[in-house]
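Reproduced below: model_26.csv, with CSV, C-alpha atoms.
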chain,number,residue,atom,x,y,z
A,761,MET,CA,31.5,-14.4,-26.3
A,762,ASN,CA,32.6,-12.6,-29.4
A,763,SER,CA,35.1,-10.1,-28.0
A,764,THR,CA,32.4,-8.3,-26.1
A,765,ILE,CA,34.9,-6.4,-24.0
A,766,GLU,CA,36.0,-4.5,-27.1
A,767,ASN,CA,32.7,-4.2,-28.8
A,768,THR,CA,29.2,-3.4,-27.5
A,769,ALA,CA,27.2,-5.9,-25.5
A,770,ASN,CA,23.8,-6.5,-26.9
A,771,ILE,CA,21.1,-7.1,-24.4
A,772,LEU,CA,17.5,-7.9,-25.3
A,773,LEU,CA,14.9,-6.7,-22.8
A,774,VAL,CA,11.5,-8.2,-23.1
A,775,GLU,CA,9.2,-6.0,-21.0
A,776,ASP,CA,5.7,-4.7,-21.7
A,777,ASN,CA,5.5,-2.0,-19.0
A,778,PRO,CA,7.0,1.3,-20.3
A,779,GLY,CA,7.8,2.5,-16.8
A,780,ASP,CA,9.8,-0.6,-16.1
A,781,VAL,CA,11.6,-0.3,-19.5
A,782,LEU,CA,12.7,3.2,-18.5
A,783,LEU,CA,13.8,2.0,-15.0
A,784,THR,CA,15.8,-0.8,-16.6
A,785,LYS,CA,17.4,1.5,-19.1
A,786,LYS,CA,18.4,3.9,-16.4
A,787,ALA,CA,19.9,1.1,-14.3
A,788,PHE,CA,21.9,-0.3,-17.3
A,789,GLU,CA,23.4,3.1,-17.8
A,790,HIS,CA,25.5,2.2,-14.8
A,791,MET,CA,27.1,-0.8,-16.6
A,792,ARG,CA,30.8,-0.3,-17.2
A,793,ILE,CA,30.8,-2.2,-20.5
A,794,LYS,CA,29.4,-0.3,-23.5
A,795,ASN,CA,25.9,-1.8,-24.0
A,796,THR,CA,22.9,-1.5,-26.2
A,797,LEU,CA,19.6,-2.4,-24.7
A,798,HIS,CA,17.2,-3.6,-27.3
A,799,VAL,CA,13.6,-3.5,-26.2
A,800,THR,CA,10.6,-5.6,-27.3
A,801,SER,CA,7.3,-5.2,-25.5
A,802,ASP,CA,5.7,-8.5,-26.0
A,803,GLY,CA,6.6,-12.2,-26.5
A,804,ASP,CA,5.9,-12.4,-30.2
A,805,ASP,CA,8.0,-9.3,-30.9
A,806,ALA,CA,10.9,-10.8,-28.8
A,807,LEU,CA,10.8,-14.0,-30.9
A,808,ASN,CA,10.7,-12.0,-34.1
A,809,PHE,CA,13.9,-10.2,-32.9
A,810,LEU,CA,15.6,-13.5,-32.0
A,811,PHE,CA,14.6,-15.2,-35.3
A,812,HIS,CA,15.4,-12.2,-37.5
A,813,ARG,CA,11.9,-12.0,-38.8
A,814,GLY,CA,10.3,-8.9,-40.5
A,815,LYS,CA,11.8,-5.6,-39.4
A,816,TYR,CA,14.4,-7.5,-37.3
A,817,GLN,CA,16.2,-9.0,-40.3
A,818,ASP,CA,19.5,-7.4,-39.3
A,819,ALA,CA,19.0,-7.5,-35.5
A,820,PRO,CA,22.2,-8.6,-33.6
A,821,LYS,CA,22.2,-11.8,-31.6
A,822,PRO,CA,21.9,-10.7,-28.0
A,823,ASP,CA,24.6,-11.7,-25.4
A,824,LEU,CA,22.0,-11.7,-22.7
A,825,ILE,CA,18.2,-11.8,-22.6
A,826,LEU,CA,16.2,-10.1,-19.7
A,827,LEU,CA,12.8,-11.6,-19.8
A,828,ASP,CA,9.6,-10.5,-17.9
A,829,LEU,CA,7.1,-13.2,-17.2
A,830,ASN,CA,3.7,-11.5,-17.2
A,831,MET,CA,3.0,-10.0,-20.6
A,832,PRO,CA,-0.1,-9.9,-22.6
A,833,GLY,CA,-0.2,-12.3,-25.6
A,834,LYS,CA,2.6,-14.8,-25.5
A,835,ASP,CA,3.9,-14.7,-21.9
A,836,GLY,CA,7.5,-15.1,-20.6
A,837,ILE,CA,7.2,-18.8,-20.0
A,838,GLU,CA,6.1,-19.5,-23.5
A,839,VAL,CA,8.9,-17.3,-24.9
A,840,LEU,CA,11.4,-19.1,-22.6
A,841,LYS,CA,10.2,-22.5,-23.9
A,842,GLU,CA,10.7,-21.4,-27.5
A,843,ILE,CA,14.2,-19.9,-26.9
A,844,LYS,CA,15.4,-23.0,-25.1
A,845,SER,CA,14.1,-25.4,-27.8
A,846,ASP,CA,15.9,-23.7,-30.7
A,847,ASP,CA,19.4,-24.9,-31.4
A,848,ASN,CA,20.5,-21.5,-32.6
A,849,ILE,CA,19.5,-19.4,-29.6
A,850,LYS,CA,19.2,-21.8,-26.7
A,851,ARG,CA,22.7,-21.0,-25.4
A,852,ILE,CA,21.9,-17.3,-24.9
A,853,PRO,CA,21.7,-16.8,-21.1
A,854,VAL,CA,18.1,-15.9,-20.1
A,855,VAL,CA,17.7,-13.9,-16.9
A,856,ILE,CA,14.0,-13.8,-15.8
A,857,MET,CA,13.2,-10.3,-14.4
A,858,THR,CA,9.8,-10.3,-12.8
A,859,SER,CA,7.9,-8.8,-9.9
A,860,SER,CA,6.6,-12.3,-9.1
A,861,LYS,CA,8.1,-14.0,-6.0
A,862,ALA,CA,5.7,-17.0,-6.4
A,863,GLU,CA,7.4,-20.3,-5.9
A,864,GLN,CA,5.5,-21.8,-8.8
A,865,ASP,CA,6.9,-19.2,-11.2
A,866,ILE,CA,10.4,-19.8,-10.0
A,867,VAL,CA,10.1,-23.6,-10.4
A,868,LYS,CA,8.5,-23.3,-13.8
A,869,SER,CA,11.3,-20.9,-15.0
A,870,TYR,CA,14.1,-23.1,-13.9
A,871,ASN,CA,12.4,-26.3,-15.2
A,872,LEU,CA,12.4,-24.6,-18.6
A,873,HIS,CA,16.1,-23.9,-18.2
A,874,ALA,CA,16.1,-20.2,-17.4
A,875,ASN,CA,19.7,-19.3,-16.4
A,876,SER,CA,18.6,-17.2,-13.5
A,877,TYR,CA,15.6,-15.6,-11.9
A,878,ILE,CA,15.6,-12.1,-10.4
A,879,VAL,CA,12.8,-10.4,-8.6
A,880,LYS,CA,12.5,-6.7,-9.7
A,881,PRO,CA,13.8,-4.5,-6.9
A,882,MET,CA,11.7,-1.8,-5.3
A,883,ASP,CA,14.6,0.6,-4.9
A,884,GLN,CA,17.0,2.2,-7.3
A,885,THR,CA,20.2,1.5,-5.4
A,886,GLN,CA,19.2,-2.2,-5.3
A,887,PHE,CA,18.6,-2.2,-9.0
A,888,ILE,CA,22.0,-0.7,-9.7
A,889,ASP,CA,23.6,-3.3,-7.5
A,890,ILE,CA,21.7,-6.0,-9.4
A,891,VAL,CA,22.9,-4.6,-12.8
A,892,ASN,CA,26.5,-4.5,-11.6
A,893,ALA,CA,26.1,-8.1,-10.3
A,894,ILE,CA,24.7,-9.2,-13.7
A,895,GLU,CA,27.5,-7.5,-15.5
A,896,SER,CA,30.2,-9.0,-13.3
A,897,PHE,CA,28.8,-12.4,-13.5
A,898,TRP,CA,27.6,-12.7,-17.1
A,899,PHE,CA,30.3,-10.6,-18.8
A,900,TYR,CA,33.4,-11.1,-16.7
A,901,ILE,CA,33.2,-14.2,-14.6
A,902,VAL,CA,31.4,-16.8,-16.7
A,903,LYS,CA,32.6,-18.2,-20.0
A,904,LEU,CA,30.0,-18.2,-22.7
A,905,PRO,CA,30.3,-20.1,-26.0
A,906,ASP,CA,31.4,-18.1,-29.1
A,907,ILE,CA,28.4,-18.8,-31.3
B,1202,MET,CA,-2.1,-17.2,-22.7
B,1203,LYS,CA,-4.1,-19.6,-20.5
B,1204,ARG,CA,-6.7,-18.0,-18.2
B,1205,VAL,CA,-5.4,-18.5,-14.7
B,1206,GLU,CA,-7.8,-20.4,-12.4
B,1207,ILE,CA,-8.3,-18.6,-9.1
B,1208,GLU,CA,-8.9,-21.4,-6.7
B,1209,SER,CA,-8.5,-19.6,-3.5
B,1210,ILE,CA,-8.0,-16.3,-1.7
B,1211,ALA,CA,-4.3,-17.1,-1.7
B,1212,ASP,CA,-4.3,-17.3,-5.5
B,1213,PHE,CA,-6.1,-14.0,-5.8
B,1214,ALA,CA,-3.8,-12.3,-3.3
B,1215,ASN,CA,-0.8,-13.6,-5.2
B,1216,MET,CA,-2.2,-12.2,-8.4
B,1217,ILE,CA,-3.1,-8.7,-7.1
B,1218,SER,CA,0.1,-8.3,-5.1
B,1219,HIS,CA,2.1,-8.8,-8.3
B,1220,ASP,CA,0.0,-6.3,-10.1
B,1221,PHE,CA,0.2,-3.8,-7.3
B,1222,ASN,CA,4.0,-4.1,-7.1
B,1223,ALA,CA,4.6,-2.6,-10.6
B,1224,PRO,CA,3.0,0.8,-10.0
B,1225,LEU,CA,4.4,0.9,-6.5
B,1226,ARG,CA,7.9,0.1,-7.7
B,1227,GLN,CA,7.7,2.8,-10.3
B,1228,ALA,CA,6.2,5.4,-7.9
B,1229,ARG,CA,9.0,4.7,-5.5
B,1230,MET,CA,11.9,4.8,-7.9
B,1231,PHE,CA,10.7,7.7,-10.0
B,1232,ASN,CA,10.2,9.6,-6.8
B,1233,GLN,CA,13.8,8.8,-5.9
B,1234,PHE,CA,15.0,10.1,-9.3
B,1235,PHE,CA,12.8,13.2,-8.9
B,1236,ASN,CA,14.3,13.8,-5.5
B,1237,GLN,CA,17.9,13.3,-6.8
B,1238,SER,CA,17.4,15.6,-9.8
B,1239,LEU,CA,16.1,18.4,-7.5
B,1240,GLU,CA,18.4,17.8,-4.6
B,1241,PHE,CA,19.9,21.2,-4.3
B,1242,GLU,CA,16.8,23.1,-5.1
B,1243,LEU,CA,14.3,21.8,-2.5
B,1244,THR,CA,13.6,23.5,0.8
B,1245,GLU,CA,13.7,21.4,3.9
B,1246,GLU,CA,10.0,21.3,4.0
B,1247,GLN,CA,9.8,20.1,0.4
B,1248,GLN,CA,12.3,17.4,1.2
B,1249,SER,CA,10.1,16.3,4.0
B,1250,TYR,CA,7.2,15.8,1.5
B,1251,GLN,CA,9.5,13.5,-0.5
B,1252,ILE,CA,10.2,11.5,2.6
B,1253,ILE,CA,6.4,11.2,3.4
B,1254,VAL,CA,5.7,10.0,-0.2
B,1255,ASP,CA,8.5,7.4,0.1
B,1256,SER,CA,7.5,6.2,3.5
B,1257,ASN,CA,3.8,5.8,2.4
B,1258,ILE,CA,4.8,3.8,-0.6
B,1259,ARG,CA,6.9,1.6,1.6
B,1260,ARG,CA,4.0,1.2,3.9
B,1261,LEU,CA,1.8,0.1,1.0
B,1262,GLU,CA,4.5,-2.5,0.0
B,1263,GLY,CA,4.4,-3.8,3.6
B,1264,MET,CA,0.6,-4.0,3.6
B,1265,ILE,CA,0.5,-5.9,0.3
B,1266,SER,CA,3.1,-8.4,1.6
B,1267,GLY,CA,1.0,-8.6,4.8
B,1268,ILE,CA,-2.1,-9.4,2.8
B,1269,LEU,CA,-0.3,-12.2,1.0
B,1270,ARG,CA,1.0,-13.7,4.2
B,1271,PHE,CA,-2.4,-13.4,5.9
B,1272,SER,CA,-4.3,-15.0,2.9
B,1273,ARG,CA,-1.9,-17.9,2.8
B,1274,ILE,CA,-2.7,-19.2,6.3
B,1275,LYS,CA,-4.2,-22.6,5.9
B,1276,LYS,CA,-7.8,-23.0,7.0
B,1277,GLU,CA,-7.7,-26.7,7.8
B,1278,ARG,CA,-6.1,-27.9,11.0
B,1279,ASP,CA,-3.8,-30.8,10.7
B,1280,LEU,CA,-3.3,-32.8,13.9
B,1281,THR,CA,-1.4,-35.6,12.2
B,1282,GLN,CA,1.9,-33.8,12.5
B,1283,SER,CA,3.9,-33.1,15.6
B,1284,PHE,CA,7.0,-31.3,16.6
B,1285,CYS,CA,9.0,-30.0,19.5
B,1286,LEU,CA,8.8,-26.4,20.6
B,1287,ASN,CA,12.3,-25.9,21.9
B,1288,PRO,CA,14.1,-25.9,18.5
B,1289,VAL,CA,11.4,-23.7,17.1
B,1290,ILE,CA,12.0,-21.0,19.7
B,1291,LYS,CA,15.7,-21.3,19.5
B,1292,SER,CA,15.6,-21.0,15.7
B,1293,LEU,CA,13.2,-18.1,15.9
B,1294,LEU,CA,15.4,-16.1,18.3
B,1295,GLN,CA,18.5,-16.8,16.2
B,1296,GLN,CA,16.8,-15.7,12.9
B,1297,ASN,CA,15.6,-12.5,14.5
B,1298,ASP,CA,18.6,-11.6,16.5
B,1299,HIS,CA,19.6,-8.7,14.3
B,1300,TYR,CA,16.1,-7.2,14.7
B,1301,PHE,CA,16.0,-7.6,18.4
B,1302,CYS,CA,19.5,-6.8,19.6
B,1303,ASP,CA,18.8,-3.0,19.7
B,1304,TYR,CA,16.1,-3.5,22.3
B,1305,HIS,CA,18.3,-5.7,24.5
B,1306,PRO,CA,15.5,-8.1,25.5
B,1307,LYS,CA,16.1,-10.7,28.2
B,1308,PHE,CA,14.4,-13.9,27.3
B,1309,ASP,CA,13.4,-16.3,30.1
B,1310,ILE,CA,12.5,-19.6,28.4
B,1311,GLN,CA,11.0,-22.6,30.2
B,1312,VAL,CA,9.7,-25.0,27.6
B,1313,THR,CA,8.9,-28.6,28.0
B,1314,ASN,CA,10.5,-31.3,25.7
B,1315,GLN,CA,7.0,-32.7,25.1
B,1316,GLU,CA,6.1,-32.9,21.4
B,1317,VAL,CA,3.0,-31.0,20.4
B,1318,GLN,CA,0.5,-31.7,17.7
B,1319,GLY,CA,0.2,-29.2,14.9
B,1320,GLU,CA,2.0,-27.8,11.9
B,1321,GLU,CA,5.4,-26.4,12.9
B,1322,PRO,CA,5.7,-23.7,10.2
B,1323,LEU,CA,2.4,-22.2,11.3
B,1324,ILE,CA,3.1,-22.2,15.0
B,1325,TYR,CA,6.6,-20.8,14.2
B,1326,GLN,CA,5.0,-18.0,12.3
B,1327,ALA,CA,2.5,-17.2,15.1
B,1328,LEU,CA,5.2,-17.3,17.7
B,1329,GLU,CA,7.4,-15.1,15.6
B,1330,GLU,CA,4.7,-12.4,15.3
B,1331,ILE,CA,4.0,-12.5,19.0
B,1332,ILE,CA,7.6,-12.3,20.1
B,1333,LYS,CA,8.3,-9.5,17.5
B,1334,ASN,CA,5.5,-7.5,19.0
B,1335,ALA,CA,6.8,-8.2,22.5
B,1336,VAL,CA,10.1,-6.7,21.5
B,1337,PHE,CA,9.0,-3.8,19.4
B,1338,TYR,CA,6.3,-2.6,21.7
B,1339,SER,CA,8.6,-2.5,24.7
B,1340,ASP,CA,8.6,0.3,27.2
B,1341,SER,CA,11.8,2.4,26.9
B,1342,ARG,CA,11.1,3.9,30.3
B,1343,LYS,CA,11.6,0.5,32.0
B,1344,GLU,CA,15.0,-0.6,32.8
B,1345,GLN,CA,15.0,-4.0,31.2
B,1346,LEU,CA,12.7,-5.7,28.6
B,1347,HIS,CA,11.7,-9.1,30.0
B,1348,ILE,CA,10.1,-11.7,27.8
B,1349,CYS,CA,9.0,-14.9,29.4
B,1350,ILE,CA,8.2,-17.9,27.2
B,1351,THR,CA,6.8,-20.9,28.9
B,1352,ALA,CA,5.4,-24.2,27.8
B,1353,GLU,CA,4.1,-26.6,30.4
B,1354,MET,CA,2.5,-29.9,30.0
B,1355,LEU,CA,-0.7,-30.6,31.9
B,1356,ASN,CA,-3.4,-33.3,31.2
B,1357,SER,CA,-2.3,-34.1,27.6
B,1358,LYS,CA,-2.0,-30.5,26.7
B,1359,VAL,CA,0.9,-28.1,26.5
B,1360,TYR,CA,0.1,-24.6,27.8
B,1361,ILE,CA,2.1,-22.0,26.1
B,1362,SER,CA,2.4,-18.4,27.1
B,1363,ILE,CA,4.5,-15.4,26.1
B,1364,GLN,CA,4.6,-12.6,28.6
B,1365,ASP,CA,6.3,-9.3,28.4
B,1366,ASN,CA,6.7,-6.2,30.5
B,1367,GLY,CA,6.3,-3.8,27.6
B,1368,LEU,CA,3.9,-1.0,26.9
B,1369,GLY,CA,0.7,-3.0,27.3
B,1370,LEU,CA,-2.6,-2.1,25.8
B,1371,ASP,CA,-5.8,-0.6,27.3
B,1372,PRO,CA,-8.6,-3.3,27.2
B,1373,GLN,CA,-10.8,-1.0,25.0
B,1374,TYR,CA,-8.4,-1.6,22.2
B,1375,HIS,CA,-7.8,-5.4,22.5
B,1376,ASP,CA,-10.3,-6.4,19.8
B,1377,TYR,CA,-9.4,-3.5,17.6
B,1378,VAL,CA,-5.7,-4.3,17.2
B,1379,GLN,CA,-6.3,-7.9,16.4
B,1380,GLN,CA,-7.8,-6.8,13.1
B,1381,PRO,CA,-5.6,-6.5,10.0
B,1382,PHE,CA,-3.7,-3.1,9.7
B,1383,LYS,CA,-5.3,-1.6,12.8
B,1384,GLN,CA,-2.9,0.2,15.0
B,1385,ILE,CA,-3.4,2.9,17.6
B,1386,PRO,CA,-1.4,6.1,17.5
B,1387,THR,CA,0.7,5.4,20.6
B,1388,HIS,CA,1.5,1.9,19.4
B,1389,CYS,CA,2.4,2.1,15.7
B,1390,GLU,CA,6.1,2.6,15.4
B,1391,LYS,CA,6.9,-0.6,13.7
B,1392,GLY,CA,5.4,-2.4,10.8
B,1393,VAL,CA,2.0,-2.1,9.2
B,1394,GLY,CA,-0.2,-3.7,11.9
B,1395,ILE,CA,-0.6,-7.1,10.5
B,1396,GLY,CA,1.6,-9.2,12.8
B,1397,LEU,CA,-0.9,-9.7,15.6
B,1398,SER,CA,-3.8,-10.5,13.1
B,1399,ILE,CA,-1.7,-13.2,11.5
B,1400,ALA,CA,-0.8,-14.7,14.9
B,1401,CYS,CA,-4.5,-14.6,15.9
B,1402,LYS,CA,-5.7,-16.1,12.7
B,1403,ILE,CA,-3.2,-18.9,12.9
B,1404,LEU,CA,-3.9,-19.7,16.6
B,1405,ASP,CA,-7.7,-19.4,16.2
B,1406,ILE,CA,-7.5,-22.2,13.7
B,1407,HIS,CA,-4.4,-24.2,14.6
B,1408,ALA,CA,-4.4,-24.0,18.4
B,1409,ASP,CA,-6.8,-24.0,21.3
B,1410,ASN,CA,-7.9,-21.4,23.9
B,1411,PHE,CA,-6.0,-18.4,22.5
B,1412,LYS,CA,-6.1,-15.5,25.0
B,1413,PHE,CA,-4.8,-12.0,24.7
B,1414,GLU,CA,-4.3,-10.2,28.1
B,1415,SER,CA,-2.9,-6.8,28.4
B,1416,GLU,CA,-2.8,-3.7,30.6
B,1417,LEU,CA,-1.5,-0.3,29.7
B,1418,GLY,CA,1.8,0.1,31.5
B,1419,THR,CA,2.1,-3.5,32.7
B,1420,GLY,CA,2.7,-5.5,29.6
B,1421,THR,CA,1.0,-8.2,27.5
B,1422,LYS,CA,0.5,-11.9,27.9
B,1423,ILE,CA,-0.6,-14.1,25.0
B,1424,SER,CA,-1.4,-17.7,25.7
B,1425,PHE,CA,-2.8,-20.8,23.9
B,1426,ASN,CA,-2.5,-24.5,24.2
B,1427,LEU,CA,-1.7,-27.4,21.9
B,1428,PRO,CA,-2.6,-31.1,22.2
B,1429,THR,CA,0.2,-33.5,22.7
B,1430,ASN,CA,0.8,-37.1,21.5
B,1431,ASN,CA,2.5,-38.0,24.7
B,1432,ARG,CA,5.9,-38.3,23.1
B,1433,LEU,CA,8.9,-36.8,24.8
B,1434,THR,CA,11.8,-35.7,22.7
B,1435,THR,CA,15.3,-35.5,24.1
B,1436,ILE,CA,16.7,-32.3,22.7
B,1437,LYS,CA,20.1,-30.8,23.5
B,1438,ILE,CA,19.7,-27.0,23.6
What do you get writing this file as structure tokens?
Amino acid sequence: MNSTIENTANILLVEDNPGDVLLTKKAFEHMRIKNTLHVTSDGDDALNFLFHRGKYQDAPKPDLILLDLNMPGKDGIEVLKEIKSDDNIKRIPVVIMTSSKAEQDIVKSYNLHANSYIVKPMDQTQFIDIVNAIESFWFYIVKLPDI
Amino acid sequence: MKRVEIESIADFANMISHDFNAPLRQARMFNQFFNQSLEFELTEEQQSYQIIVDSNIRRLEGMISGILRFSRIKKERDLTQSFCLNPVIKSLLQQNDHYFCDYHPKFDIQVTNQEVQGEEPLIYQALEEIIKNAVFYSDSRKEQLHICITAEMLNSKVYISIQDNGLGLDPQYHDYVQQPFKQIPTHCEKGVGIGLSIACKILDIHADNFKFESELGTGTKISFNLPTNNRLTTIKI
């Protein structure tokens, strides 16, 4: 990772529900690393962000992507497919964040190389624990490639 | 996005439960934030309203998860599979030990090594709901909670019964409580009232002669039987 500890971590949140966006923002305030949460509310917008299209020409490359599955238009699975088939962005860790516990969704996600799958918690304390775990794992413990 | 084909009640239940979870999650969490931001300004009575809101939301979550489990019960009976009851009961008690230990139940288990015909996960689920009820609806006035689990072989059938010395239930309510989410005021401390319905639904389809016997103050006995394939399994318990 490009010296994220000194700089700001850029996290892309792909989520259509404004309430869930707000909950995620509040949970990520508990992250110790300085971070910017970029939000796109549908699949097409997320891909525009990642491919620097239109208004996203100068968008930073995210260090982590949080991806909801059920969205109108292009859904999470289709976005995941496109991310993992592009040489430039396929190495960015994708954490699926969804309310679905369905086995078929979990299998589909991992088949398409999602890096992990998290079911959205129902309780704020749990959400904070999850954010702390994400931070420890993806920003401290694991090694990510520099590009 | 492809239109999702709904092929069964289970698919439908899957779909709605997911859509219900989003507003429930937000209601619960924003209620928590609201409570935290007003922590020092609320009267005791107002704080109790917060608790009522939160517990109702949790109840809704439990009911949705109950609907999902209920709708997933297979409607076709499969007699091509067989399994042994002893490891099922042992595993069930181990998995639920942390739930049960506060009630200090004494289990008396006399189960034949005879293999029974049926689907193990379904019978496990039914037994789990029945035994959970036996523990949770125990009578705190009685000295010791006894739960007797027997399975005896007779004439190519295994007769299974789970008997407890818990609260018991007046006969006028027997049919009522077997319906989903129906509880009576004196017997609704735990859960949302779906456990017995799930056990009944499973045993009505996947077992024979399901019987629910109960008397207020005495306890409850649930029995059913399963066919055998006349194979004995040597199990070390």
**OP:** Give me the residues within 10 Å of Leu772 in chain A as a VMD selection string, counting all atoms listed in the file and dropping any in the same chain fewer than 3 places off.
**Re:** chain A and resid 769 775 796 to 800 806 809 to 810 820 to 827 854
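Residue neighbourhood of Arg1278 in chain B, excluding near-sequence residues (fewer than 2 positions): B:Lys1275, B:Lys1276, B:Leu1280, B:Gly1319, B:Ile1406, B:His1407, at 8 Å, using all atoms listed in the file.
You can rank B:Ala1408, B:Ala1214, B:Cys1349, B:Ile1385 by their closest distance to chain A using all atoms listed in the file, and at the top of that list sits B:Ala1214.
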Would you tabulate, counting only C-alpha atoms, all residues of chain A that have an atom at most 12 Å from an atom of chain B, showing the closest pair of atoms and their distance in Å to one decimal, sorted by chain then ascending number, as CSV?
residue,atom,partner,partner_atom,distance
A:Glu775,CA,B:Ala1223,CA,11.9
A:Asp776,CA,B:Ala1223,CA,11.4
A:Asn777,CA,B:Ala1223,CA,8.5
A:Pro778,CA,B:Gln1227,CA,10.1
A:Gly779,CA,B:Gln1227,CA,6.5
A:Asp780,CA,B:Gln1227,CA,7.0
A:Val781,CA,B:Gln1227,CA,10.5
A:Leu782,CA,B:Gln1227,CA,9.6
A:Leu783,CA,B:Gln1227,CA,7.7
A:Thr784,CA,B:Gln1227,CA,10.9
A:Lys786,CA,B:Phe1234,CA,10.0
A:Ala787,CA,B:Met1230,CA,10.9
A:Gly803,CA,B:Met1202,CA,10.7
A:Asp804,CA,B:Met1202,CA,12.0
A:Asp828,CA,B:Ala1223,CA,11.9
A:Leu829,CA,B:His1219,CA,11.1
A:Asn830,CA,B:His1219,CA,9.4
A:Met831,CA,B:Met1202,CA,9.1
A:Pro832,CA,B:Met1202,CA,7.6
A:Gly833,CA,B:Met1202,CA,6.0
A:Lys834,CA,B:Met1202,CA,6.0
A:Asp835,CA,B:Met1202,CA,6.5
A:Gly836,CA,B:Met1202,CA,10.0
A:Ile837,CA,B:Met1202,CA,9.8
A:Glu838,CA,B:Met1202,CA,8.6
A:Val839,CA,B:Met1202,CA,11.2
A:Thr858,CA,B:His1219,CA,9.0
A:Ser859,CA,B:His1219,CA,6.0
A:Ser860,CA,B:His1219,CA,5.8
A:Lys861,CA,B:His1219,CA,8.3
A:Ala862,CA,B:Asn1215,CA,7.4
A:Glu863,CA,B:Asn1215,CA,10.6
A:Gln864,CA,B:Asn1215,CA,10.9
A:Asp865,CA,B:Asn1215,CA,11.3
A:Val879,CA,B:His1219,CA,10.8
A:Lys880,CA,B:Arg1226,CA,8.4
A:Pro881,CA,B:Arg1226,CA,7.5
A:Met882,CA,B:Arg1226,CA,4.9
A:Asp883,CA,B:Met1230,CA,5.8
A:Gln884,CA,B:Met1230,CA,5.8
A:Thr885,CA,B:Met1230,CA,9.3
A:Gln886,CA,B:Met1230,CA,10.4
A:Phe887,CA,B:Met1230,CA,9.8
A:Ile888,CA,B:Met1230,CA,11.6
**OP:** Write out as number ranges by chain the residues lying within 10 Å of Ser845 in chain A, counting all atoms listed in the file and excluding same-chain residues fewer than 6 positions away.
**Re:** A: 851, 872-873
Might you pull out every residue within 10 Å of Gly1367 in chain B, with only C-alpha atoms counted and same-chain residues fewer than 6 positions away left off, and present them as a PDB file with C-alpha atoms, keeping the file's coordinate frame?
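Dumped to result-v4.pdb:
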ATOM      1  CA  ASN B1334       5.500  -7.500  19.000  1.00  0.00           C
ATOM      2  CA  ALA B1335       6.800  -8.200  22.500  1.00  0.00           C
ATOM      3  CA  VAL B1336      10.100  -6.700  21.500  1.00  0.00           C
ATOM      4  CA  PHE B1337       9.000  -3.800  19.400  1.00  0.00           C
ATOM      5  CA  TYR B1338       6.300  -2.600  21.700  1.00  0.00           C
ATOM      6  CA  SER B1339       8.600  -2.500  24.700  1.00  0.00           C
ATOM      7  CA  ASP B1340       8.600   0.300  27.200  1.00  0.00           C
ATOM      8  CA  SER B1341      11.800   2.400  26.900  1.00  0.00           C
ATOM      9  CA  ARG B1342      11.100   3.900  30.300  1.00  0.00           C
ATOM     10  CA  LYS B1343      11.600   0.500  32.000  1.00  0.00           C
ATOM     11  CA  GLN B1345      15.000  -4.000  31.200  1.00  0.00           C
ATOM     12  CA  LEU B1346      12.700  -5.700  28.600  1.00  0.00           C
ATOM     13  CA  HIS B1347      11.700  -9.100  30.000  1.00  0.00           C
ATOM     14  CA  ILE B1348      10.100 -11.700  27.800  1.00  0.00           C
ATOM     15  CA  SER B1415      -2.900  -6.800  28.400  1.00  0.00           C
ATOM     16  CA  GLU B1416      -2.800  -3.700  30.600  1.00  0.00           C
ATOM     17  CA  LEU B1417      -1.500  -0.300  29.700  1.00  0.00           C
ATOM     18  CA  GLY B1418       1.800   0.100  31.500  1.00  0.00           C
ATOM     19  CA  THR B1419       2.100  -3.500  32.700  1.00  0.00           C
ATOM     20  CA  GLY B1420       2.700  -5.500  29.600  1.00  0.00           C
ATOM     21  CA  THR B1421       1.000  -8.200  27.500  1.00  0.00           C
ATOM     22  CA  LYS B1422       0.500 -11.900  27.900  1.00  0.00           C
TER      23      LYS B1422
END
**OP:** Would you mind telling me which residue in A:Ile866, A:Ile771, A:Leu807, A:Ile901 lies nearest to Lys844 in chain A when using only C-alpha atoms?
**Re:**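 Among the listed residues, the smallest separation from Lys844 in chain A belongs to A:Leu807.
All residues of protein, DNA or RNA that reach within 12 Å of Val902 in chain A, judged by all atoms listed in the file and not counting those fewer than 6 positions away in the chain, are Met761, Pro853, Asn875, Ile894, Glu895 and Ser896 of chain A.
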Original post:
How far is it from CA of Asn1287 in chain B to CA of Gly1369 in chain B, in Å with one decimal?
Top reply: 26.2 Å
Subject >> CA of Ile1253 in chain B to CA of Asn1236 in chain B, distance in Å rounded to a single decimal >> reply: 12.2 Å
Subject >> Top pick for closest residue to Thr1429 in chain B, considering B:Lys1291, B:Arg1273, B:Lys1402, B:Lys1358 and counting all atoms listed in the file >> reply: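 Looking only at the distances to Thr1429 in chain B, the closest residue turns out to be B:Lys1358.
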**OP:** Kindly give the distance, in Å, that separates CA of Asn795 in chain A and CA of Thr768 in chain A, rounded to a single decimal.
**Re:**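 We find that CA of Asn795 in chain A and CA of Thr768 in chain A lie 5.1 Å from each other.
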